[in-house]
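Source file: protein-v3.txt. Holds: compact mmCIF, C-alpha atoms and all ligand atoms.
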# COMPACT_ATOMS: atom_id res chain seq x y z
CA MET A 1 1.46 -3.28 -24.52
CA LYS A 2 -2.30 -3.20 -24.07
CA ILE A 3 -3.91 -1.88 -20.90
CA PHE A 4 -5.21 -5.28 -19.81
CA GLU A 5 -1.69 -6.72 -20.15
CA LEU A 6 -0.27 -3.88 -18.08
CA LEU A 7 -2.97 -4.51 -15.44
CA GLN A 8 -1.84 -8.14 -15.24
CA GLU A 9 1.78 -6.99 -14.75
CA LEU A 10 0.73 -4.44 -12.14
CA ASP A 11 -1.20 -7.10 -10.27
CA ARG A 12 2.14 -8.78 -9.61
CA LYS A 13 3.85 -5.56 -8.52
CA ALA A 14 1.02 -4.18 -6.36
CA PRO A 15 -1.80 -6.77 -6.25
CA LEU A 16 -5.26 -5.18 -6.18
CA GLY A 17 -6.15 -7.73 -3.49
CA LEU A 18 -3.80 -5.92 -1.11
CA ALA A 19 -5.84 -2.68 -1.30
CA LEU A 20 -7.75 -1.78 1.86
CA SER A 21 -11.49 -2.44 1.70
CA TRP A 22 -12.59 1.23 1.47
CA ASP A 23 -10.26 1.97 -1.44
CA ASN A 24 -10.90 2.17 -5.19
CA CYS A 25 -7.82 1.06 -7.14
CA GLY A 26 -7.24 -0.21 -10.67
CA LEU A 27 -8.51 0.93 -14.06
CA GLN A 28 -10.75 3.97 -13.55
CA ILE A 29 -11.22 5.26 -17.09
CA GLY A 30 -10.38 3.63 -20.41
CA SER A 31 -10.65 0.50 -22.48
CA PRO A 32 -8.54 -2.53 -21.45
CA GLN A 33 -7.90 -3.13 -25.15
CA ARG A 34 -6.14 0.21 -25.78
CA GLU A 35 -2.45 0.13 -26.66
CA ILE A 36 -0.18 2.17 -24.38
CA ARG A 37 2.86 3.95 -25.73
CA GLN A 38 3.37 6.73 -23.20
CA ILE A 39 2.43 7.04 -19.54
CA LEU A 40 2.21 10.11 -17.32
CA ILE A 41 2.90 9.25 -13.67
CA SER A 42 1.44 11.59 -11.06
CA LEU A 43 0.37 11.44 -7.42
CA ASP A 44 -2.99 12.94 -8.43
CA VAL A 45 -5.13 13.36 -11.51
CA THR A 46 -5.35 17.16 -11.41
CA PRO A 47 -5.86 19.69 -14.25
CA SER A 48 -2.09 20.16 -14.51
CA ALA A 49 -1.54 16.40 -14.71
CA VAL A 50 -4.14 16.10 -17.48
CA ALA A 51 -2.58 19.07 -19.32
CA LYS A 52 0.84 17.43 -19.09
CA ALA A 53 -0.57 14.11 -20.32
CA ILE A 54 -2.07 15.86 -23.36
CA GLU A 55 1.18 17.76 -23.99
CA ILE A 56 3.34 14.61 -24.02
CA GLY A 57 0.74 12.52 -25.89
CA ALA A 58 0.22 10.07 -23.01
CA ASP A 59 -2.34 7.28 -23.48
CA LEU A 60 -2.50 6.62 -19.76
CA ILE A 61 -2.13 8.42 -16.45
CA VAL A 62 -0.97 6.21 -13.58
CA SER A 63 -1.85 7.98 -10.34
CA HIS A 64 -1.40 7.07 -6.71
CA HIS A 65 -4.55 8.78 -5.41
CA PRO A 66 -7.70 7.48 -7.13
CA LEU A 67 -9.47 9.80 -9.56
CA ILE A 68 -12.83 8.24 -8.72
CA PHE A 69 -13.50 7.44 -5.08
CA ASN A 70 -17.22 7.68 -4.56
CA ALA A 71 -19.95 6.46 -6.90
CA ILE A 72 -20.74 8.96 -9.66
CA LYS A 73 -24.14 9.40 -11.28
CA SER A 74 -23.15 11.56 -14.26
CA ILE A 75 -19.99 12.49 -16.12
CA THR A 76 -19.93 16.28 -16.32
CA ASN A 77 -16.70 17.00 -14.44
CA PRO A 78 -14.48 18.80 -17.04
CA LEU A 79 -11.52 16.72 -15.89
CA TYR A 80 -13.26 13.44 -16.74
CA LEU A 81 -14.53 14.87 -20.05
CA GLU A 82 -11.08 16.02 -21.04
CA LEU A 83 -9.61 12.59 -20.30
CA ILE A 84 -12.32 10.87 -22.32
CA GLU A 85 -12.07 13.33 -25.24
CA HIS A 86 -8.30 12.85 -25.43
CA ARG A 87 -8.66 9.09 -24.99
CA ILE A 88 -6.43 9.10 -21.90
CA ALA A 89 -6.95 6.14 -19.56
CA VAL A 90 -6.43 6.31 -15.80
CA ILE A 91 -5.08 3.58 -13.53
CA SER A 92 -4.80 4.29 -9.81
CA LEU A 93 -2.45 2.34 -7.54
CA HIS A 94 -3.35 3.52 -4.08
CA THR A 95 -3.36 1.46 -0.86
CA ASN A 96 -2.24 -1.59 -2.87
CA LEU A 97 0.96 0.37 -3.61
CA ASP A 98 1.15 1.61 0.00
CA VAL A 99 1.24 -1.89 1.47
CA ALA A 100 3.02 -3.75 -1.35
CA ASP A 101 6.59 -4.82 -1.13
CA ASN A 102 8.64 -2.23 -3.04
CA GLY A 103 5.78 0.25 -2.94
CA VAL A 104 5.41 3.75 -1.51
CA ASN A 105 7.37 3.10 1.67
CA HIS A 106 10.31 1.27 0.12
CA ALA A 107 10.65 4.18 -2.31
CA LEU A 108 10.56 6.61 0.63
CA ALA A 109 13.18 4.54 2.50
CA ALA A 110 15.42 4.61 -0.59
CA ALA A 111 14.96 8.38 -0.99
CA LEU A 112 15.91 8.86 2.68
CA ASP A 113 18.80 6.36 2.36
CA LEU A 114 17.38 4.23 5.20
CA ILE A 115 17.59 0.44 5.50
CA PRO A 116 14.15 -1.24 5.79
CA ILE A 117 13.97 -3.91 8.50
CA SER A 118 10.29 -4.86 8.62
CA HIS A 119 6.81 -3.50 8.01
CA LEU A 120 5.45 -1.12 10.65
CA THR A 121 2.01 -2.79 10.58
CA HIS A 122 0.64 -5.78 8.75
CA GLU A 123 -2.54 -4.03 7.72
CA THR A 124 -3.59 -5.05 4.20
CA GLY A 125 -6.79 -5.88 2.36
CA SER A 126 -5.69 -9.49 2.06
CA THR A 127 -6.29 -12.51 4.31
CA TRP A 128 -3.71 -15.23 4.78
CA TYR A 129 -4.72 -18.85 4.18
CA HIS A 130 -3.23 -22.16 5.22
CA LEU A 131 -3.66 -24.68 2.43
CA SER A 132 -3.09 -28.42 2.43
CA VAL A 133 -3.38 -31.07 -0.23
CA THR A 134 -2.61 -34.80 -0.14
CA CYS A 135 -0.77 -36.33 -3.09
CA PRO A 136 0.85 -39.58 -4.22
CA PRO A 137 4.60 -39.14 -3.40
CA GLU A 138 5.65 -39.17 -7.08
CA ALA A 139 3.34 -36.22 -7.90
CA ILE A 140 4.33 -33.94 -5.03
CA ALA A 141 7.13 -32.03 -6.81
CA LYS A 142 4.94 -31.21 -9.82
CA VAL A 143 1.98 -30.08 -7.70
CA ARG A 144 4.20 -27.99 -5.42
CA SER A 145 5.94 -26.15 -8.28
CA ALA A 146 2.57 -25.41 -9.91
CA ALA A 147 1.31 -23.96 -6.58
CA TYR A 148 4.49 -21.89 -6.17
CA ALA A 149 4.17 -20.57 -9.72
CA ALA A 150 0.61 -19.44 -8.92
CA GLY A 151 1.85 -17.49 -5.87
CA ALA A 152 1.75 -19.92 -2.93
CA GLY A 153 4.55 -20.30 -0.39
CA ARG A 154 5.42 -16.67 0.34
CA ILE A 155 6.13 -15.90 4.02
CA GLY A 156 7.55 -12.43 4.66
CA THR A 157 10.81 -12.10 2.76
CA TYR A 158 10.96 -15.83 1.99
CA THR A 159 9.49 -17.66 -0.95
CA GLY A 160 9.17 -21.38 -1.74
CA CYS A 161 7.99 -22.17 1.81
CA SER A 162 6.13 -25.45 2.36
CA THR A 163 6.15 -28.59 4.48
CA VAL A 164 5.55 -32.18 3.38
CA HIS A 165 4.85 -35.14 5.62
CA GLY A 166 3.75 -38.71 5.06
CA VAL A 167 0.11 -39.68 5.65
CA THR A 168 -2.08 -42.71 5.09
CA GLY A 169 -5.11 -41.81 3.01
CA SER A 170 -8.24 -43.84 2.53
CA PHE A 171 -11.27 -43.42 0.28
CA VAL A 172 -14.12 -45.31 -1.35
CA PRO A 173 -14.81 -44.32 -5.00
CA LEU A 174 -18.57 -43.89 -5.55
CA GLU A 175 -20.58 -44.77 -8.66
CA GLY A 176 -19.92 -42.07 -11.28
CA SER A 177 -16.29 -41.53 -10.31
CA THR A 178 -13.25 -42.36 -12.46
CA PRO A 179 -10.60 -43.11 -9.82
CA THR A 180 -6.90 -42.89 -10.73
CA VAL A 181 -6.27 -45.48 -7.99
CA GLY A 182 -8.75 -48.10 -6.70
CA GLU A 183 -12.11 -49.49 -7.72
CA ILE A 184 -15.69 -48.35 -7.30
CA GLY A 185 -17.26 -49.47 -4.05
CA THR A 186 -13.99 -50.73 -2.52
CA GLU A 187 -12.08 -48.98 0.22
CA GLU A 188 -8.61 -48.01 -0.93
CA VAL A 189 -5.77 -47.32 1.55
CA VAL A 190 -2.75 -45.52 0.07
CA LEU A 191 0.48 -43.99 1.30
CA GLU A 192 0.40 -40.31 0.41
CA GLN A 193 2.17 -37.11 1.26
CA GLU A 194 0.50 -34.01 2.58
CA LEU A 195 1.76 -30.70 1.22
CA GLU A 196 1.11 -27.61 3.35
CA MET A 197 1.75 -24.00 2.38
CA MET A 198 0.52 -20.45 2.97
CA VAL A 199 -1.40 -18.51 0.33
CA ASP A 200 -2.59 -14.89 0.23
CA SER A 201 -6.32 -14.54 -0.47
CA PHE A 202 -5.77 -12.71 -3.77
CA GLN A 203 -3.85 -15.73 -5.09
CA LEU A 204 -5.97 -18.48 -3.55
CA GLN A 205 -8.17 -19.13 -6.59
CA ALA A 206 -5.19 -19.37 -8.96
CA VAL A 207 -3.29 -21.66 -6.56
CA VAL A 208 -6.25 -24.04 -6.13
CA ALA A 209 -6.72 -24.13 -9.92
CA ALA A 210 -2.99 -24.85 -10.47
CA ILE A 211 -3.08 -27.70 -7.91
CA THR A 212 -6.25 -29.19 -9.38
CA HIS A 213 -4.82 -29.08 -12.92
CA THR A 214 -1.53 -30.79 -12.05
CA HIS A 215 -2.82 -33.26 -9.46
CA PRO A 216 -3.16 -36.85 -10.74
CA TYR A 217 -6.40 -37.48 -8.83
CA GLU A 218 -9.86 -36.84 -10.26
CA THR A 219 -10.87 -35.04 -7.04
CA PRO A 220 -7.83 -33.86 -5.07
CA ALA A 221 -8.38 -33.31 -1.34
CA VAL A 222 -7.50 -29.59 -1.15
CA TYR A 223 -8.37 -27.75 2.06
CA TYR A 224 -7.77 -24.11 2.94
CA TYR A 225 -8.75 -21.96 5.88
CA PRO A 226 -7.90 -18.40 6.97
CA VAL A 227 -5.38 -17.94 9.76
CA ALA A 228 -5.49 -15.18 12.37
CA ASN A 229 -2.00 -13.82 11.66
CA PRO A 230 -1.13 -11.71 8.59
CA ASN A 231 1.59 -12.40 6.02
CA PRO A 232 4.61 -10.33 7.14
CA ALA A 233 5.38 -9.76 3.43
CA TYR A 234 3.05 -6.76 3.30
CA GLY A 235 1.85 -3.90 5.44
CA LEU A 236 1.52 -0.16 5.91
CA GLY A 237 4.72 1.65 6.85
CA LEU A 238 8.24 0.40 7.49
CA ILE A 239 10.69 0.20 10.37
CA CYS A 240 14.15 1.23 9.19
CA THR A 241 17.62 1.82 10.51
CA PRO A 242 19.91 4.68 9.45
CA ARG A 243 23.14 3.89 7.62
CA GLN A 244 25.13 5.73 10.25
CA GLN A 245 24.25 6.91 13.73
CA MET A 246 22.53 10.27 13.77
CA THR A 247 20.71 12.57 16.13
CA LEU A 248 17.08 13.65 15.84
CA ARG A 249 18.23 17.09 14.70
CA GLU A 250 20.54 15.61 12.02
CA LEU A 251 17.77 13.29 10.83
CA ALA A 252 15.32 16.20 10.48
CA THR A 253 17.81 18.26 8.44
CA ASP A 254 18.63 15.23 6.28
CA VAL A 255 14.95 14.39 5.61
CA LYS A 256 14.18 17.99 4.65
CA ALA A 257 17.10 18.11 2.19
CA ARG A 258 16.48 14.68 0.66
CA LEU A 259 12.74 15.16 0.11
CA GLY A 260 13.11 18.76 -1.06
CA THR A 261 10.26 19.87 1.15
CA GLY A 262 10.13 23.60 1.84
CA SER A 263 9.23 23.10 5.46
CA LEU A 264 9.28 20.24 7.91
CA ARG A 265 7.70 20.02 11.34
CA LEU A 266 9.68 18.37 14.11
CA TRP A 267 7.82 17.36 17.26
CA THR A 268 10.28 16.33 19.98
CA ALA A 269 7.72 14.87 22.41
CA GLY A 270 9.83 16.43 25.14
CA MET A 271 12.99 14.59 24.06
CA ASP A 272 16.40 16.12 23.44
CA VAL A 273 16.86 17.11 19.78
CA ASP A 274 20.36 15.66 20.05
CA MET A 275 19.08 12.22 21.10
CA LYS A 276 20.56 9.32 19.13
CA ILE A 277 18.23 7.72 16.61
CA THR A 278 18.58 4.01 15.87
CA ARG A 279 15.13 2.92 14.67
CA ILE A 280 13.03 5.02 12.35
CA ALA A 281 9.40 4.35 11.42
CA ILE A 282 8.28 5.75 8.08
CA CYS A 283 4.88 5.95 6.43
CA GLY A 284 4.41 7.92 3.21
CA GLY A 285 1.22 9.99 2.98
CA ALA A 286 -1.19 10.52 5.85
CA GLY A 287 0.41 8.48 8.64
CA GLY A 288 -1.06 10.14 11.73
CA SER A 289 -2.75 6.86 12.64
CA MET A 290 0.67 5.16 12.63
CA ILE A 291 1.91 7.08 15.71
CA ARG A 292 0.46 4.48 18.04
CA GLU A 293 1.96 1.64 15.94
CA ALA A 294 5.39 3.30 15.89
CA THR A 295 5.44 3.96 19.65
CA GLY A 296 7.64 1.32 21.27
CA GLN A 297 8.90 0.09 17.90
CA ALA A 298 10.84 3.17 16.76
CA ASP A 299 12.56 6.29 18.14
CA VAL A 300 10.82 8.57 15.63
CA LEU A 301 8.09 8.48 12.98
CA ILE A 302 8.47 10.22 9.62
CA THR A 303 5.16 10.77 7.83
CA GLY A 304 2.73 13.48 6.67
CA ASP A 305 -0.59 15.06 7.65
CA ILE A 306 -0.16 14.83 11.42
CA SER A 307 -2.98 16.58 13.28
CA TYR A 308 -2.74 18.92 16.28
CA HIS A 309 -3.88 16.20 18.65
CA GLY A 310 -1.65 13.68 16.90
CA TYR A 311 1.36 15.78 17.94
CA LEU A 312 0.09 16.51 21.44
CA ASP A 313 -0.64 12.88 22.26
CA SER A 314 2.55 11.45 20.77
CA LYS A 315 5.10 9.99 23.16
CA ILE A 316 7.73 9.69 20.43
CA PRO A 317 9.28 12.40 18.24
CA LEU A 318 7.53 13.03 14.93
CA LEU A 319 8.77 14.44 11.64
CA ASP A 320 5.97 15.71 9.41
CA ALA A 321 7.52 16.09 5.97
CA GLY A 322 4.13 16.43 4.26
CA HIS A 323 1.81 14.02 2.47
CA PHE A 324 3.02 15.11 -0.98
CA TYR A 325 6.78 14.91 -0.35
CA THR A 326 6.69 11.58 1.48
CA GLU A 327 4.81 9.92 -1.39
CA TYR A 328 6.50 11.62 -4.33
CA PRO A 329 9.54 9.23 -4.34
CA VAL A 330 7.36 6.28 -5.42
CA LEU A 331 6.71 7.99 -8.76
CA LYS A 332 10.38 7.67 -9.76
CA SER A 333 10.35 3.99 -8.82
CA LEU A 334 7.21 3.48 -10.95
CA GLN A 335 9.03 5.11 -13.87
CA GLU A 336 11.91 2.61 -13.48
CA TYR A 337 9.36 -0.20 -13.32
CA PHE A 338 7.66 0.94 -16.56
CA SER A 339 10.99 1.29 -18.31
CA GLY A 340 11.66 -2.35 -17.33
CA LEU A 341 8.45 -3.17 -19.24
CA SER A 342 9.74 -1.09 -22.20
CA ILE A 343 6.99 1.53 -21.83
CA ALA A 344 8.00 5.21 -22.01
CA SER A 345 6.82 7.27 -19.06
CA THR A 346 7.19 10.76 -17.63
CA VAL A 347 6.80 11.79 -13.99
CA LEU A 348 4.82 15.02 -13.51
CA PRO A 349 7.56 17.36 -12.21
CA ILE A 350 7.14 18.60 -8.62
CA GLU A 351 6.94 22.22 -9.83
CA ASP A 352 4.04 21.40 -12.21
CA HIS A 353 1.85 19.86 -9.50
CA GLU A 354 -0.84 22.12 -8.03
CA PHE A 355 0.47 21.32 -4.58
CA SER A 356 3.84 23.00 -5.09
CA ARG A 357 2.51 25.70 -7.47
CA ASN A 358 -0.09 26.98 -5.04
CA PHE A 359 1.62 26.46 -1.69
CA HIS A 360 3.94 29.02 -0.21
CA ASN A 361 5.94 28.78 2.97
CA ILE A 362 5.85 32.36 4.29
ZN ZN A 401 -0.37 6.46 -0.16
ZN ZN A 402 -1.49 9.70 -0.25
Represent the structure contained in this file as structure tokens.
Amino acid sequence: MKIFELLQELDRKAPLGLALSWDNCGLQIGSPQREIRQILISLDVTPSAVAKAIEIGADLIVSHHPLIFNAIKSITNPLYLELIEHRIAVISLHTNLDVADNGVNHALAAALDLIPISHLTHETGSTWYHLSVTCPPEAIAKVRSAAYAAGAGRIGTYTGCSTVHGVTGSFVPLEGSTPTVGEIGTEEVVLEQELEMMVDSFQLQAVVAAITHTHPYETPAVYYYPVANPNPAYGLGLICTPRQQMTLRELATDVKARLGTGSLRLWTAGMDVDMKITRIAICGGAGGSMIREATGQADVLITGDISYHGYLDSKIPLLDAGHFYTEYPVLKSLQEYFSGLSIASTVLPIEDHEFSRNFHNI
């Protein structure tokens, strides 16, 4: 598979349009035309990741954290030079993978054996649009399936969502038009159906093109406008339930064992460590800003990188399992995804990553 083909596949798994506005995801180094035979998957593009990629003959590193974040004016960084010299491309799937369905947080939920219920927030880089188009009744099925195929009609965990109702349309074809129905200069009144569906902004262009191509009219009346609410299909963090009832203390011990983290910080917020836990908020990576979102929605938040004041101000118990360990599970799920595309891949082992090599819990 060539890199550009993989990028098209990845845009279905973790659409770039879901990435938050400040982020820099996608192809960072490399030619879209290059063939990929072997991928190294790593949270970061570090010297040990590049060394591993060279060792296994990888053509591509897929990282979660972007290699390039800020604009660069010259390429002298030895890491970049080594990648270029060994013709190793880099694709980063960052906040698009954080907020995507089956991304970072679904992988974390699976690693913790928790059942996801809903997203913790609906923060994404995408805007949700309401789209409507009027159609002759006999063309509605064709137009609707073309729109679905281009990505329209997804609401939360449902797909194929639309409404159709009868309308009376009228129009006057002007000079220069080639009307499917009616004559130039004469008002035409026709019974039509109006098809309404929701579309995410990153699919809007493709959906409008699909409708226009399948619609029998020369100039279909397609309207779309952004709505104030987000698509519940995506968002940062998840609310989960445990498979069996457990206490805060049991949850903490379980999380530590399942993620293999050397240390874990439990903040009780003044609660009893033997309190029963029924709803668990999770957010892989730096989820300190999710404390406020989780309060009232969950009994506890599991995340990484919580600050001193984050702990002090929190009204709910917190489990800080570390940025690295809460995001690492997504790498295994990426490997399964690549094997589904028949591309060989290797996950940089935990012990090879700088984070575990250089950190010691004393
Ligand atoms: Zn992340
Ligand atoms: Zn991260």
Could you build a table of the residues in chain A lying no more than 7 Å from ligand ZN 401 (chain A), giving for each the nearest pair of atoms and their separation in Å rounded to one decimal place, using all atoms listed in the file, ordered by chain and ascending residue number, as a Markdown table?
| residue | atom | partner | partner_atom | distance |
| --- | --- | --- | --- | --- |
| A:His64 | CA | A:ZN401 | ZN | 6.7 |
| A:His94 | CA | A:ZN401 | ZN | 5.7 |
| A:Thr95 | CA | A:ZN401 | ZN | 5.9 |
| A:Asp98 | CA | A:ZN401 | ZN | 5.1 |
| A:Val104 | CA | A:ZN401 | ZN | 6.5 |
| A:Gly284 | CA | A:ZN401 | ZN | 6.0 |
| A:Gly285 | CA | A:ZN401 | ZN | 5.0 |
| A:Glu327 | CA | A:ZN401 | ZN | 6.3 |
Output file for the residues above (C-alpha atoms, as a CSV table (one decimal), in the frame of the given file):
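As written to disk, out_33.csv reads:
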chain,number,residue,atom,x,y,z
A,64,HIS,CA,-1.4,7.1,-6.7
A,94,HIS,CA,-3.4,3.5,-4.1
A,95,THR,CA,-3.4,1.5,-0.9
A,98,ASP,CA,1.2,1.6,0.0
A,104,VAL,CA,5.4,3.8,-1.5
A,284,GLY,CA,4.4,7.9,3.2
A,285,GLY,CA,1.2,10.0,3.0
A,327,GLU,CA,4.8,9.9,-1.4
Atomic distance CA of Arg258 in chain A - CA of Ala107 in chain A, expressed in Å with one decimal: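 Pair CA of Arg258 in chain A / CA of Ala107 in chain A returns 12.4 Å.
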Find the residue from A:Leu312, A:Ala111, A:Pro78, A:Thr121 that sits nearest to Ala257 in chain A; use only C-alpha atoms when measuring.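 The closest residue to Ala257 in chain A is A:Ala111.
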Rank nothing, just name the residue among A:His353, A:His323, A:Arg12, A:Arg243 nearest to ligand ZN 402 (chain A), using only C-alpha atoms and all ligand atoms. A:His323
Would you pick out the contacts of range 287-300 of chain A at 8 Å or less, using all atoms listed in the file, so that residues sharing its chain but fewer than 2 positions from it are not included, and give the list as number ranges by chain? A: 120-121, 237, 239, 277-281, 283-285, 302-307, 310, 314-319
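Among the candidates A:Ala286, A:Val133, A:Leu264, A:Val190, the one nearest to ligand ZN 402 (chain A) when counting only C-alpha atoms and all ligand atoms is A:Ala286.
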Tyr158 in chain A surroundings by all atoms listed in the file, 10 Å radius, close-in-sequence under 4 positions cut, as an MDAnalysis selection string: chainID A and resid 153:154 232:233
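Using all atoms listed in the file, the contacts of range 219-221 of chain A at a cut-off of 9 Å, with sequence neighbours closer than 6 positions omitted, comprise A:Ser132, A:Val133, A:Thr134, A:Cys135, A:Pro179, A:Ile211, A:Thr212.
One distance worth recording is that between CA of Leu27 in chain A and CA of Tyr328 in chain A, which is 20.8 Å.
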Need to verify the contact set: range 36-51 of chain A, 8 Å, only C-alpha atoms, exclusion of same-chain residues closer than 4 positions in sequence. Can you return it as a PyMOL selection string? chain A and resi 1-3+55-67+79+82-83+324+327-328+331+334-335+343-348+352-354
Selected residues written out, C-alpha atoms, as a PDB file, keeping the file's coordinate frame:
ATOM      1  CA  MET A   1       1.460  -3.280 -24.520  1.00  0.00           C
ATOM      2  CA  LYS A   2      -2.300  -3.200 -24.070  1.00  0.00           C
ATOM      3  CA  ILE A   3      -3.910  -1.880 -20.900  1.00  0.00           C
ATOM      4  CA  GLU A  55       1.180  17.760 -23.990  1.00  0.00           C
ATOM      5  CA  ILE A  56       3.340  14.610 -24.020  1.00  0.00           C
ATOM      6  CA  GLY A  57       0.740  12.520 -25.890  1.00  0.00           C
ATOM      7  CA  ALA A  58       0.220  10.070 -23.010  1.00  0.00           C
ATOM      8  CA  ASP A  59      -2.340   7.280 -23.480  1.00  0.00           C
ATOM      9  CA  LEU A  60      -2.500   6.620 -19.760  1.00  0.00           C
ATOM     10  CA  ILE A  61      -2.130   8.420 -16.450  1.00  0.00           C
ATOM     11  CA  VAL A  62      -0.970   6.210 -13.580  1.00  0.00           C
ATOM     12  CA  SER A  63      -1.850   7.980 -10.340  1.00  0.00           C
ATOM     13  CA  HIS A  64      -1.400   7.070  -6.710  1.00  0.00           C
ATOM     14  CA  HIS A  65      -4.550   8.780  -5.410  1.00  0.00           C
ATOM     15  CA  PRO A  66      -7.700   7.480  -7.130  1.00  0.00           C
ATOM     16  CA  LEU A  67      -9.470   9.800  -9.560  1.00  0.00           C
ATOM     17  CA  LEU A  79     -11.520  16.720 -15.890  1.00  0.00           C
ATOM     18  CA  GLU A  82     -11.080  16.020 -21.040  1.00  0.00           C
ATOM     19  CA  LEU A  83      -9.610  12.590 -20.300  1.00  0.00           C
ATOM     20  CA  PHE A 324       3.020  15.110  -0.980  1.00  0.00           C
ATOM     21  CA  GLU A 327       4.810   9.920  -1.390  1.00  0.00           C
ATOM     22  CA  TYR A 328       6.500  11.620  -4.330  1.00  0.00           C
ATOM     23  CA  LEU A 331       6.710   7.990  -8.760  1.00  0.00           C
ATOM     24  CA  LEU A 334       7.210   3.480 -10.950  1.00  0.00           C
ATOM     25  CA  GLN A 335       9.030   5.110 -13.870  1.00  0.00           C
ATOM     26  CA  ILE A 343       6.990   1.530 -21.830  1.00  0.00           C
ATOM     27  CA  ALA A 344       8.000   5.210 -22.010  1.00  0.00           C
ATOM     28  CA  SER A 345       6.820   7.270 -19.060  1.00  0.00           C
ATOM     29  CA  THR A 346       7.190  10.760 -17.630  1.00  0.00           C
ATOM     30  CA  VAL A 347       6.800  11.790 -13.990  1.00  0.00           C
ATOM     31  CA  LEU A 348       4.820  15.020 -13.510  1.00  0.00           C
ATOM     32  CA  ASP A 352       4.040  21.400 -12.210  1.00  0.00           C
ATOM     33  CA  HIS A 353       1.850  19.860  -9.500  1.00  0.00           C
ATOM     34  CA  GLU A 354      -0.840  22.120  -8.030  1.00  0.00           C
TER      35      GLU A 354
END
What's the 10 Å shell around Ile115 in chain A, counting all atoms listed in the file, without same-chain residues fewer than 2 positions away, as a ChimeraX atom specification? /A:106,109-110,112-113,117-118,238-243,279-280
For CA of Pro173 in chain A and CA of Glu188 in chain A, determine how far apart the two atoms are, in Å to one decimal place. 8.3 Å
From (5.9, -22.0, 1.0), in the file's coordinates, out to 7 Å: which residues are reached, counting all atoms listed in the file? Answer as an MDAnalysis selection string. chainID A and resid 152:155 159:162 197:198
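In this comparison, which uses only C-alpha atoms, the residue of A:Tyr225, A:Tyr311, A:Phe171, A:Tyr148 approaching Ala206 in chain A most closely is A:Tyr148.
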Distance cut-off 12 Å, centre (16.3, 16.4, 15.0) in file coordinates, counting all atoms listed in the file: which residues qualify? Return them as a PyMOL selection string. chain A and resi 246-256+264-269+271-277+299-302+317-320
From the set A:Ser74, A:Thr127, A:Thr326, A:Ser333, which residue has the shortest atom-to-atom contact distance to ligand ZN 402 (chain A), counting all atoms listed in the file?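 Among A:Ser74, A:Thr127, A:Thr326, A:Ser333, it is A:Thr326 that comes nearest to ligand ZN 402 (chain A).
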So, counting only C-alpha atoms, which residue among A:Tyr325, A:Tyr308, A:Phe202, A:Tyr129 is closest to Val227 in chain A?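 Closest to Val227 in chain A of all the choices is A:Tyr129.
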Please return range 112-123 of chain A, rebuilt to N, CA and C atoms, as a compact mmCIF listing (two decimals), in the coordinates of the input.
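So the final result, stored in out.txt, reads:
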# COMPACT_ATOMS: atom_id res chain seq x y z
N LEU A 112 15.33 8.37 1.42
CA LEU A 112 15.91 8.86 2.68
C LEU A 112 17.20 8.12 3.03
N ASP A 113 17.61 7.17 2.15
CA ASP A 113 18.80 6.36 2.36
C ASP A 113 18.73 5.60 3.70
N LEU A 114 17.57 5.03 3.98
CA LEU A 114 17.38 4.23 5.20
C LEU A 114 17.31 2.75 4.82
N ILE A 115 17.62 1.88 5.76
CA ILE A 115 17.59 0.44 5.50
C ILE A 115 16.31 -0.15 6.10
N PRO A 116 15.39 -0.66 5.26
CA PRO A 116 14.15 -1.24 5.79
C PRO A 116 14.44 -2.54 6.53
N ILE A 117 13.79 -2.70 7.68
CA ILE A 117 13.97 -3.91 8.50
C ILE A 117 12.70 -4.76 8.44
N SER A 118 11.56 -4.12 8.65
CA SER A 118 10.29 -4.86 8.62
C SER A 118 9.15 -3.87 8.39
N HIS A 119 7.96 -4.40 8.16
CA HIS A 119 6.81 -3.50 8.01
C HIS A 119 6.42 -2.96 9.40
N LEU A 120 5.88 -1.74 9.40
CA LEU A 120 5.45 -1.12 10.65
C LEU A 120 4.16 -1.78 11.15
N THR A 121 3.25 -2.07 10.23
CA THR A 121 2.01 -2.79 10.58
C THR A 121 1.85 -3.90 9.53
N HIS A 122 0.92 -4.78 9.78
CA HIS A 122 0.64 -5.78 8.75
C HIS A 122 -0.77 -5.59 8.21
N GLU A 123 -1.20 -4.34 8.21
CA GLU A 123 -2.54 -4.03 7.72
C GLU A 123 -2.56 -4.10 6.19
